[in-house]
>>> print(open('coords32.txt').read())   # compact mmCIF, C-alpha atoms
# COMPACT_ATOMS: atom_id res chain seq x y z
CA MET I 4 14.27 -20.78 -32.70
CA ILE I 5 13.30 -23.64 -35.06
CA TYR I 6 16.24 -25.72 -36.27
CA LYS I 7 15.57 -28.63 -38.70
CA GLY I 8 12.10 -29.16 -37.24
CA LYS I 9 13.29 -29.18 -33.63
CA ILE I 10 13.52 -26.49 -30.96
CA LYS I 11 17.10 -25.43 -30.45
CA MET I 12 17.55 -25.38 -26.68
CA GLN I 13 19.97 -22.97 -25.01
CA PRO I 14 22.34 -24.29 -22.34
CA GLN I 15 20.98 -24.46 -18.81
CA TYR I 16 23.53 -21.99 -17.47
CA VAL I 17 22.42 -19.39 -20.04
CA THR I 18 18.80 -19.79 -18.93
CA ILE I 19 19.83 -19.25 -15.29
CA ALA I 20 21.99 -16.27 -16.24
CA ASN I 21 19.05 -14.69 -18.08
CA ILE I 22 16.83 -15.13 -15.02
CA LEU I 23 19.44 -13.42 -12.82
CA SER I 24 19.89 -10.64 -15.36
CA ARG I 25 16.14 -9.98 -15.42
CA ARG I 26 16.01 -9.87 -11.63
CA ILE I 27 18.82 -7.34 -11.60
CA ARG I 28 17.06 -5.13 -14.18
CA HIS I 29 13.85 -5.13 -12.09
CA GLY I 30 15.57 -4.24 -8.84
CA ASP I 31 15.11 -7.58 -7.07
CA TYR I 32 18.55 -7.34 -5.53
CA LEU I 33 18.07 -3.84 -4.20
CA ILE I 34 16.08 -5.43 -1.37
CA ASN I 35 17.48 -8.98 -1.38
CA GLU I 36 20.99 -10.40 -1.44
CA ILE I 37 22.13 -12.30 -4.51
CA PRO I 38 22.17 -15.99 -3.57
CA SER I 39 25.40 -17.94 -3.59
CA SER I 40 25.98 -20.42 -6.41
CA ARG I 41 25.00 -23.27 -4.11
CA LYS I 42 21.73 -21.61 -3.02
CA LEU I 43 21.00 -20.63 -6.60
CA ALA I 44 21.45 -24.25 -7.69
CA GLU I 45 18.97 -25.38 -5.02
CA GLU I 46 16.44 -22.70 -6.00
CA MET I 47 16.64 -23.44 -9.74
CA GLY I 48 16.89 -27.20 -9.46
CA VAL I 49 20.19 -27.40 -11.33
CA SER I 50 23.67 -28.63 -10.46
CA HIS I 51 26.15 -26.46 -8.61
CA ILE I 52 28.34 -26.44 -11.74
CA VAL I 53 25.49 -24.99 -13.88
CA ALA I 54 24.73 -22.28 -11.30
CA ARG I 55 28.40 -21.37 -11.05
CA LYS I 56 28.70 -21.09 -14.85
CA ALA I 57 25.65 -18.77 -14.88
CA ALA I 58 27.27 -16.54 -12.26
CA GLU I 59 30.56 -16.57 -14.17
CA LYS I 60 28.74 -15.45 -17.33
CA LEU I 61 27.33 -12.39 -15.52
CA LEU I 62 30.73 -11.73 -13.93
CA ASP I 63 32.29 -11.71 -17.40
CA GLU I 64 29.53 -9.36 -18.65
CA GLY I 65 30.16 -6.96 -15.76
CA LEU I 66 26.70 -7.30 -14.19
CA LEU I 67 28.06 -9.02 -11.08
CA THR I 68 31.16 -8.69 -8.93
CA ARG I 69 32.66 -11.05 -6.36
CA ASP I 70 34.33 -9.81 -3.19
CA SER I 71 37.42 -11.30 -1.55
CA GLY I 72 35.21 -13.69 0.41
CA GLY I 73 33.57 -14.99 -2.75
CA LYS I 74 30.22 -13.25 -2.17
CA LEU I 75 28.32 -12.12 -5.27
CA ALA I 76 26.97 -8.58 -5.61
CA VAL I 77 25.47 -6.33 -8.28
CA ALA I 78 28.29 -4.43 -9.98
CA ASN I 79 28.45 -0.78 -8.82
CA GLY I 80 25.59 -1.39 -6.39
CA LYS I 81 22.64 0.99 -6.75
CA ASN I 82 24.22 2.84 -9.65
CA SER I 83 24.04 -0.23 -11.86
CA TYR I 84 20.26 0.11 -11.94
CA LYS I 85 20.30 3.69 -13.12
CA LYS I 86 19.87 4.75 -16.69
CA THR I 87 19.32 8.49 -16.61
CA GLY I 88 17.07 8.62 -13.56
CA ALA I 89 16.62 7.30 -10.05
CA THR I 90 15.69 4.01 -8.42
CA ILE I 91 12.13 4.46 -7.17
CA ALA I 92 9.98 2.26 -4.93
CA MET I 93 6.36 2.42 -3.83
CA LEU I 94 5.78 1.04 -0.33
CA CYS I 95 2.16 0.19 0.47
CA PRO I 96 0.23 -2.17 2.77
CA ALA I 97 -0.33 -5.71 1.48
CA PHE I 98 -4.00 -5.05 0.80
CA ASN I 99 -5.91 -5.31 -2.46
CA SER I 100 -6.93 -1.70 -3.10
CA GLY I 101 -7.95 0.01 -6.31
CA TYR I 102 -6.51 3.22 -4.90
CA PHE I 103 -3.09 1.61 -4.37
CA TYR I 104 -3.24 0.17 -7.87
CA ALA I 105 -4.13 3.55 -9.41
CA CYS I 106 -1.20 5.20 -7.58
CA ARG I 107 1.15 2.44 -8.72
CA ILE I 108 0.19 2.84 -12.39
CA LYS I 109 0.66 6.61 -12.28
CA ILE I 110 4.10 6.35 -10.63
CA GLU I 111 5.18 3.53 -12.93
CA ASN I 112 4.23 5.45 -16.07
CA ILE I 113 6.11 8.59 -15.01
CA ALA I 114 9.14 6.57 -13.88
CA LYS I 115 9.22 4.91 -17.29
CA GLN I 116 9.06 8.30 -19.05
CA LEU I 117 12.00 9.52 -16.94
CA LYS I 118 13.92 6.27 -17.56
CA CYS I 119 13.95 5.36 -13.88
CA MET I 120 13.84 1.92 -12.34
CA PHE I 121 10.54 1.44 -10.45
CA ARG I 122 9.48 -1.33 -8.08
CA PRO I 123 6.32 -1.70 -5.94
CA VAL I 124 6.85 -3.37 -2.55
CA ASN I 125 4.26 -4.47 0.04
CA TYR I 126 4.68 -4.36 3.80
CA ILE I 127 2.54 -6.08 6.48
CA HIS I 128 3.20 -3.86 9.51
CA TRP I 129 5.40 -0.92 10.45
CA ASP I 130 8.12 -3.18 11.93
CA ASP I 131 8.33 -5.21 8.73
CA PRO I 132 12.06 -5.54 7.81
CA VAL I 133 11.23 -4.90 4.17
CA ILE I 134 10.67 -1.19 5.00
CA LYS I 135 14.28 -0.81 6.13
CA GLU I 136 15.53 -2.77 3.12
CA VAL I 137 13.62 -0.51 0.74
CA VAL I 138 14.60 2.87 2.22
CA ASN I 139 18.25 1.74 2.37
CA GLY I 140 18.20 0.34 -1.17
CA PHE I 141 16.39 2.96 -3.27
CA ASP I 142 16.94 6.64 -4.07
CA GLY I 143 13.30 7.53 -3.47
CA VAL I 144 10.19 5.98 -1.94
CA PHE I 145 6.50 6.84 -2.28
CA LEU I 146 4.92 5.66 0.99
CA LEU I 147 1.24 4.82 1.38
CA GLY I 148 0.12 4.51 4.97
CA SER I 149 -1.46 1.68 6.91
CA SER I 150 -4.41 1.89 9.30
CA GLU I 151 -1.93 0.81 12.00
CA PRO I 152 -0.46 3.91 13.72
CA ILE I 153 3.12 4.46 12.63
CA ASN I 154 5.68 4.07 15.42
CA ASP I 155 8.62 6.27 16.41
CA MET I 156 11.22 3.72 15.28
CA THR I 157 9.84 3.69 11.74
CA ILE I 158 9.60 7.48 11.64
CA SER I 159 13.25 7.66 12.73
CA LEU I 160 14.17 5.19 9.98
CA LEU I 161 12.36 7.27 7.35
CA THR I 162 13.83 10.60 8.45
CA ASN I 163 17.44 9.44 8.97
CA SER I 164 17.79 7.40 5.79
CA PRO I 165 19.52 8.98 2.75
CA CYS I 166 16.51 7.82 0.75
CA LYS I 167 14.00 10.58 -0.10
CA VAL I 168 10.52 9.68 1.11
CA VAL I 169 7.20 11.24 0.07
CA THR I 170 3.90 10.10 1.57
CA PHE I 171 0.55 9.85 -0.18
CA ASP I 172 -2.21 11.31 2.05
CA MET I 173 -0.61 10.20 5.35
CA ASP I 174 0.70 13.36 7.02
CA LEU I 175 4.27 13.17 8.32
CA THR I 176 5.16 16.76 7.41
CA SER I 177 5.87 17.56 11.08
CA HIS I 178 8.81 15.14 10.75
CA GLY I 179 10.11 16.82 7.60
CA ILE I 180 8.67 14.26 5.18
CA PRO I 181 6.87 15.80 2.16
CA ARG I 182 3.26 14.78 1.50
CA LEU I 183 0.97 14.61 -1.49
CA ALA I 184 -2.66 14.86 -0.37
CA ILE I 185 -4.63 13.16 -3.15
CA PHE I 186 -7.91 12.92 -1.21
CA ASP I 187 -7.51 15.64 1.39
CA SER I 188 -10.33 15.70 3.92
CA SER I 189 -11.03 19.38 3.22
CA HIS I 190 -12.43 18.39 -0.20
CA ILE I 191 -15.32 16.57 1.47
CA ARG I 192 -17.09 19.92 1.59
CA LYS I 193 -17.66 19.55 -2.17
CA LEU I 194 -19.70 16.39 -1.63
CA LEU I 195 -21.75 17.89 1.19
CA GLU I 196 -22.50 21.09 -0.74
CA HIS I 197 -23.50 19.00 -3.75
CA LEU I 198 -26.08 17.20 -1.60
CA LEU I 199 -27.31 20.47 -0.09
CA ASP I 200 -27.77 21.93 -3.57
CA PHE I 201 -30.26 19.10 -4.20
CA GLY I 202 -32.10 20.05 -0.99
CA HIS I 203 -30.92 17.30 1.38
CA GLN I 204 -31.14 18.29 5.04
CA ARG I 205 -30.42 14.92 6.66
CA ILE I 206 -27.14 13.31 5.60
CA ASP I 207 -25.84 10.27 7.49
CA CYS I 208 -22.17 9.29 7.53
CA ILE I 209 -21.14 5.63 7.29
CA ASN I 210 -17.59 4.44 7.90
CA THR I 211 -16.41 0.83 7.97
CA GLN I 212 -12.87 1.56 6.77
CA PRO I 213 -10.13 0.48 9.26
CA TYR I 214 -9.59 3.58 11.36
CA ASP I 215 -6.56 5.81 10.87
CA ASP I 216 -5.82 9.55 11.04
CA GLU I 217 -7.08 10.23 7.52
CA THR I 218 -10.34 8.37 8.10
CA GLY I 219 -10.77 10.31 11.32
CA LYS I 220 -10.34 13.59 9.44
CA ARG I 221 -12.96 12.55 6.87
CA ILE I 222 -15.44 11.95 9.67
CA GLU I 223 -14.47 15.23 11.37
CA GLU I 224 -15.20 17.13 8.14
CA TRP I 225 -18.70 15.62 8.07
CA VAL I 226 -19.21 16.65 11.73
CA LYS I 227 -18.00 20.15 10.91
CA GLY I 228 -20.34 20.24 7.92
CA CYS I 229 -23.32 19.39 10.15
CA SER I 230 -22.57 22.48 12.21
CA GLU I 231 -21.46 24.94 9.54
CA LEU I 232 -23.78 23.93 6.70
CA LYS I 233 -26.79 23.41 8.99
CA PHE I 234 -27.83 19.86 8.16
CA GLN I 235 -28.56 16.92 10.44
CA GLY I 236 -27.36 13.36 10.36
CA GLN I 237 -26.21 10.33 12.28
CA LEU I 238 -22.73 8.80 12.32
CA HIS I 239 -22.46 5.04 11.87
CA ASN I 240 -18.78 4.34 12.58
CA GLU I 241 -18.00 0.61 12.72
CA PRO I 242 -14.49 0.12 11.25
CA VAL I 243 -13.42 -3.40 10.38
CA GLU I 244 -10.08 -4.83 11.45
CA GLN I 245 -6.95 -4.07 9.44
CA TYR I 246 -6.83 -5.98 6.13
CA GLN I 247 -10.54 -6.79 6.27
CA HIS I 248 -12.74 -5.39 3.49
CA PRO I 249 -15.16 -2.56 4.38
CA THR I 250 -17.88 -3.41 1.80
CA PRO I 251 -19.62 -6.36 3.55
CA LYS I 252 -19.76 -4.44 6.84
CA ALA I 253 -21.27 -1.41 5.08
CA TYR I 254 -23.94 -3.67 3.58
CA GLU I 255 -24.67 -5.09 7.04
CA ILE I 256 -25.00 -1.65 8.66
CA MET I 257 -27.32 -0.31 5.97
CA SER I 258 -29.45 -3.46 6.00
CA ASN I 259 -29.83 -3.36 9.78
CA LEU I 260 -30.85 0.30 9.69
CA LEU I 261 -33.54 -0.47 7.14
CA LEU I 262 -34.77 -3.61 8.90
CA SER I 263 -35.10 -1.79 12.21
CA GLY I 264 -36.78 1.26 10.70
CA ARG I 265 -34.04 3.52 12.13
CA PHE I 266 -32.92 4.96 8.81
CA ASN I 267 -34.53 8.35 8.19
CA ALA I 268 -31.86 10.20 6.21
CA THR I 269 -32.29 11.18 2.57
CA ALA I 270 -28.58 10.91 1.76
CA VAL I 271 -25.51 8.94 2.87
CA TYR I 272 -21.92 10.13 2.80
CA CYS I 273 -19.39 7.25 2.74
CA THR I 274 -15.77 7.74 3.77
CA ASN I 275 -14.60 5.76 0.75
CA GLU I 276 -15.86 4.25 -2.47
CA TYR I 277 -15.87 0.64 -1.24
CA ILE I 278 -18.28 1.52 1.56
CA ALA I 279 -20.63 3.04 -1.01
CA TYR I 280 -20.77 -0.28 -2.88
CA GLY I 281 -22.13 -2.03 0.22
CA VAL I 282 -24.57 0.76 1.06
CA ILE I 283 -25.98 0.90 -2.46
CA ARG I 284 -26.44 -2.84 -2.70
CA ALA I 285 -28.33 -2.90 0.60
CA LEU I 286 -30.62 -0.06 -0.51
CA GLU I 287 -31.36 -1.79 -3.80
CA ASP I 288 -32.02 -5.11 -2.07
CA PHE I 289 -34.71 -3.33 -0.08
CA GLY I 290 -36.27 -1.91 -3.24
CA ILE I 291 -35.02 1.64 -2.71
CA GLU I 292 -33.92 3.41 -5.89
CA VAL I 293 -30.52 5.01 -5.34
CA GLY I 294 -30.26 8.54 -6.69
CA LYS I 295 -34.03 9.04 -6.72
CA GLU I 296 -35.18 7.91 -3.28
CA VAL I 297 -31.89 7.95 -1.37
CA SER I 298 -28.66 9.62 -2.48
CA VAL I 299 -25.20 8.14 -1.88
CA CYS I 300 -21.79 9.77 -2.34
CA ALA I 301 -18.22 8.89 -1.42
CA ILE I 302 -14.57 9.78 -1.60
CA GLY I 303 -13.34 7.84 -4.62
CA ASP I 304 -10.33 5.57 -4.56
CA ALA I 305 -9.62 4.40 -8.07
CA SER I 306 -11.73 6.37 -10.57
CA ILE I 307 -14.03 3.42 -11.24
CA ALA I 308 -17.15 4.74 -9.48
CA ARG I 309 -18.39 6.28 -12.73
CA TYR I 310 -18.59 2.78 -14.24
CA TYR I 311 -20.78 1.37 -11.47
CA LYS I 312 -24.57 1.19 -11.93
CA PRO I 313 -25.75 3.60 -10.77
CA SER I 314 -22.62 5.68 -11.27
CA ILE I 315 -21.48 6.94 -7.87
CA THR I 316 -21.10 10.63 -7.08
CA CYS I 317 -17.59 10.89 -5.65
CA LEU I 318 -14.29 12.67 -5.45
CA GLU I 319 -12.17 11.14 -8.17
CA MET I 320 -8.46 10.48 -8.50
CA PRO I 321 -6.88 13.81 -9.54
CA GLU I 322 -4.16 14.38 -12.11
CA ILE I 323 -0.79 14.20 -10.34
CA ASP I 324 1.60 13.71 -13.26
CA ASP I 325 3.34 17.10 -12.88
CA PHE I 326 3.92 16.47 -9.19
CA LEU I 327 5.33 13.00 -9.87
CA VAL I 328 7.71 14.32 -12.54
CA SER I 329 9.22 16.97 -10.27
CA THR I 330 9.31 14.63 -7.27
CA ILE I 331 11.04 11.75 -9.07
CA GLN I 332 13.57 14.18 -10.54
CA TRP I 333 14.24 15.47 -7.02
CA MET I 334 14.63 11.93 -5.72
CA GLY I 335 17.39 11.32 -8.27
CA GLN I 336 19.46 14.34 -7.23
CA ALA I 337 22.12 14.44 -4.56
CA SER I 338 20.78 17.53 -2.77
CA ASP I 339 17.39 18.98 -1.86
CA ALA I 340 18.13 22.40 -3.33
CA ALA I 341 16.48 21.81 -6.70
CA TRP I 342 13.10 20.88 -5.26
CA GLU I 343 11.06 23.99 -4.52
CA LYS I 344 7.64 22.51 -3.72
CA GLU I 345 5.91 23.09 -0.40
CA MET I 346 6.11 20.34 2.21
CA ASN I 347 2.35 19.72 2.14
CA ASN I 348 1.08 19.44 -1.43
CA ILE I 349 -2.71 19.30 -1.74
CA VAL I 350 -4.13 18.56 -5.18
CA ASP I 351 -7.71 19.33 -6.08
CA ALA I 352 -9.73 16.11 -6.31
CA PRO I 353 -12.48 16.70 -8.90
CA LEU I 354 -16.13 16.03 -8.11
CA PHE I 355 -17.86 13.53 -10.37
CA ALA I 356 -21.64 13.99 -10.20
CA GLY I 357 -23.03 10.53 -10.85
CA GLU I 358 -26.46 8.95 -10.91
CA SER I 359 -26.35 8.06 -7.22
CA THR I 360 -27.38 11.56 -6.10
CA GLY I 361 -30.53 13.56 -6.78
CA ARG I 362 -33.36 15.47 -5.11
CA PRO I 363 -34.73 13.95 -1.89
CA VAL I 364 -38.10 12.21 -1.96
CA LYS I 365 -39.97 10.19 0.63
CA PHE I 366 -39.43 6.47 0.12
CA ASN I 367 -41.28 3.38 1.28
CA LEU I 368 -39.74 -0.04 1.71
CA THR I 369 -41.14 -2.25 -1.04
CA LYS I 370 -39.35 -5.47 -0.15
CA GLN I 371 -36.77 -7.13 2.01
CA PRO I 372 -33.73 -9.12 0.89
CA GLY I 373 -34.77 -12.54 -0.34
CA ASP I 374 -38.20 -11.44 -1.58
CA ALA I 375 -39.01 -12.61 -5.09
>>> encode(input="coords32.txt", output="structure tokens")
Amino acid sequence: MIYKGKIKMQPQYVTIANILSRRIRHGDYLINEIPSSRKLAEEMGVSHIVARKAAEKLLDEGLLTRDSGGKLAVANGKNSYKKTGATIAMLCPAFNSGYFYACRIKIENIAKQLKCMFRPVNYIHWDDPVIKEVVNGFDGVFLLGSSEPINDMTISLLTNSPCKVVTFDMDLTSHGIPRLAIFDSSHIRKLLEHLLDFGHQRIDCINTQPYDDETGKRIEEWVKGCSELKFQGQLHNEPVEQYQHPTPKAYEIMSNLLLSGRFNATAVYCTNEYIAYGVIRALEDFGIEVGKEVSVCAIGDASIARYYKPSITCLEMPEIDDFLVSTIQWMGQASDAAWEKEMNNIVDAPLFAGESTGRPVKFNLTKQPGDA
């Protein structure tokens, strides 16, 4: 606000109160305790008196309460966050993934439509205390799995908590936890049949993704395809460590195959989109035209493969809005009776036929990386 040519400053305690109010609205204190006035003063770099006045302002407004021991808490606990819907969290590994981001945006948009409070939260490992804080603090959680095998203690936490948990792709249905299979391994048959329709009879499989059950199933579907669809191929399975990126390793594998003269397939199936980026770059660095001399396809992660050059034939992110609506509504209800979906929900991931696949032709290496 401009007042006689100067900026009219609000009192410090009001600024601190507004920060606390914003944190409350975004669910910060569903997984963290509200700091005492003294700790708040240290965090904000203000006096204890200013921090106390900020807390008193929110106490007067009914956003905070103080127990007999003087400890601050959000008024009415979890219910204070609710408008007409539930408090929803998305728990996913602390890894930069387009797939995680795409899931987050879809959940966030539906939560907003249903007037629910939504918060994404990262975890590092299955014993991370933040997992317990989230399942004890929210009405519902969408859980995306890690390449680290889940342990019995975490499964017990997820199944015994009043919070309603739904996994994306990771299968915990045997423990009574519903699942949404966005990229179910059974859909890989679409990619393989697409390549066979072009006439490919030798299709290699490359995986550098950190290994987990879902990655294993994607490889198993390729193995099954070799037998049932009568094509040949070689598996190149060299997963990187957890939280390492699969693209550079995929580039290395493809480059080494070409350098050694051991690559004799006409097509490559990649267990995810990021692996395809490395494979395609290696092929192009060796002067091989992707889609005309060698075909490449993948399971998509974030619906961006169509914008790559060449556009990558892949399974794309399916529409899951209807599922999210019914699931979030179920998460906000006191009982399970209103939710009639099956435990294992498999959505149909559409096939995008990009420029990276075509009819097989014999290719010759025209150059090696570094050639002018």
>>> residues_around(input="coords32.txt", residues="I:Lys74", least_positions_apart="5", cutoff="10 Å", atoms="all atoms listed in the file", output="list of chain:residue names")
I:Glu36, I:Ile37, I:Pro38, I:Ser39, I:Ser40, I:Thr68, I:Arg69
>>> residues_around(input="coords32.txt", residues="stretch 220-226 of chain I", least_positions_apart="5", cutoff="7 Å", atoms="all atoms listed in the file", output="MDAnalysis selection string")
chainID I and resid 188:189 191 274
>>> residues_near_point(input="coords32.txt", point="(-13.8, 4.7, 15.2)", cutoff="9 Å", atoms="all atoms listed in the file", output="PDB file with C-alpha atoms, in the frame of the given file")
ATOM      1  CA  ASN I 210     -17.590   4.440   7.900  1.00  0.00           C
ATOM      2  CA  THR I 211     -16.410   0.830   7.970  1.00  0.00           C
ATOM      3  CA  PRO I 213     -10.130   0.480   9.260  1.00  0.00           C
ATOM      4  CA  TYR I 214      -9.590   3.580  11.360  1.00  0.00           C
ATOM      5  CA  ASP I 215      -6.560   5.810  10.870  1.00  0.00           C
ATOM      6  CA  THR I 218     -10.340   8.370   8.100  1.00  0.00           C
ATOM      7  CA  GLY I 219     -10.770  10.310  11.320  1.00  0.00           C
ATOM      8  CA  ASN I 240     -18.780   4.340  12.580  1.00  0.00           C
ATOM      9  CA  GLU I 241     -18.000   0.610  12.720  1.00  0.00           C
ATOM     10  CA  PRO I 242     -14.490   0.120  11.250  1.00  0.00           C
TER      11      PRO I 242
END
>>> residues_around(input="coords32.txt", residues="I:Ala268", least_positions_apart="3", cutoff="12 Å", atoms="only C-alpha atoms", output="PyMOL selection string")
chain I and resi 198+203-209+234-238+257+260-261+264-265+271-272+296-299+363-366
>>> residues_around(input="coords32.txt", residues="I:Leu43", least_positions_apart="3", cutoff="12 Å", atoms="all atoms listed in the file", output="count of residues only")
24
>>> closest_residue(input="coords32.txt", among="I:Glu358, I:Leu194, I:Ala285, I:Pro251", to="I:Gly228", atoms="all atoms listed in the file")
I:Leu194
>>> closest_residue(input="coords32.txt", among="I:Leu232, I:Leu199, I:Val243, I:Met334", to="I:Gln212", atoms="only C-alpha atoms")
I:Val243
>>> atom_distance(input="coords32.txt", atom1="atom CA of I:Ala105", atom2="atom CA of I:Arg284")
24.2 Å
>>> atom_distance(input="coords32.txt", atom1="atom CA of I:Gly303", atom2="atom CA of I:Lys193")
12.7 Å
>>> residues_near_point(input="coords32.txt", point="(6.5, 2.2, -5.9)", cutoff="7 Å", atoms="only C-alpha atoms", output="PyMOL selection string")
chain I and resi 91-94+107+110+121-124+144-145
>>> closest_residue(input="coords32.txt", among="I:Glu151, I:Glu244, I:Asp288, I:Glu45", to="I:Pro96", atoms="only C-alpha atoms")
I:Glu151
>>> axis_aligned_box(input="coords32.txt", around="stretch 138-154 of chain I", padding_each_side="5 Å", output="AutoDock Vina command-line options")
--center_x 6.9 --center_y 3.9 --center_z 5.7 --size_x 32.7 --size_y 17.2 --size_z 29.5
>>> closest_residue(input="coords32.txt", among="I:Tyr102, I:Gln245, I:Ile180, I:Cys229", to="I:Ser149", atoms="all atoms listed in the file")
I:Gln245
>>> closest_residue(input="coords32.txt", among="I:Phe326, I:Tyr254, I:Phe98, I:Trp333", to="I:Asp142", atoms="all atoms listed in the file")
I:Trp333
>>> decode(input="coords32.txt", residues="stretch 86-104 of chain I", atoms="C-alpha atoms", output="short mmCIF file (atom, residue, chain, number, x, y, z; two decimals), in the first residue's frame")
data_model
loop_
_atom_site.label_atom_id
_atom_site.label_comp_id
_atom_site.auth_asym_id
_atom_site.auth_seq_id
_atom_site.Cartn_x
_atom_site.Cartn_y
_atom_site.Cartn_z
CA LYS I 86 -13.36 -27.32 3.79
CA THR I 87 -15.77 -29.80 2.23
CA GLY I 88 -13.28 -32.56 1.49
CA ALA I 89 -10.38 -34.51 2.93
CA THR I 90 -6.75 -33.86 3.77
CA ILE I 91 -4.75 -35.63 1.06
CA ALA I 92 -1.01 -36.32 0.77
CA MET I 93 1.15 -37.80 -1.95
CA LEU I 94 4.16 -39.73 -0.62
CA CYS I 95 6.91 -40.35 -3.16
CA PRO I 96 10.68 -40.94 -3.20
CA ALA I 97 12.89 -37.85 -3.16
CA PHE I 98 13.84 -38.28 -6.80
CA ASN I 99 13.34 -35.89 -9.70
CA SER I 100 10.90 -37.80 -11.91
CA GLY I 101 8.57 -36.54 -14.61
CA TYR I 102 6.24 -39.40 -13.74
CA PHE I 103 6.03 -38.30 -10.09
CA TYR I 104 5.42 -34.73 -11.22
#
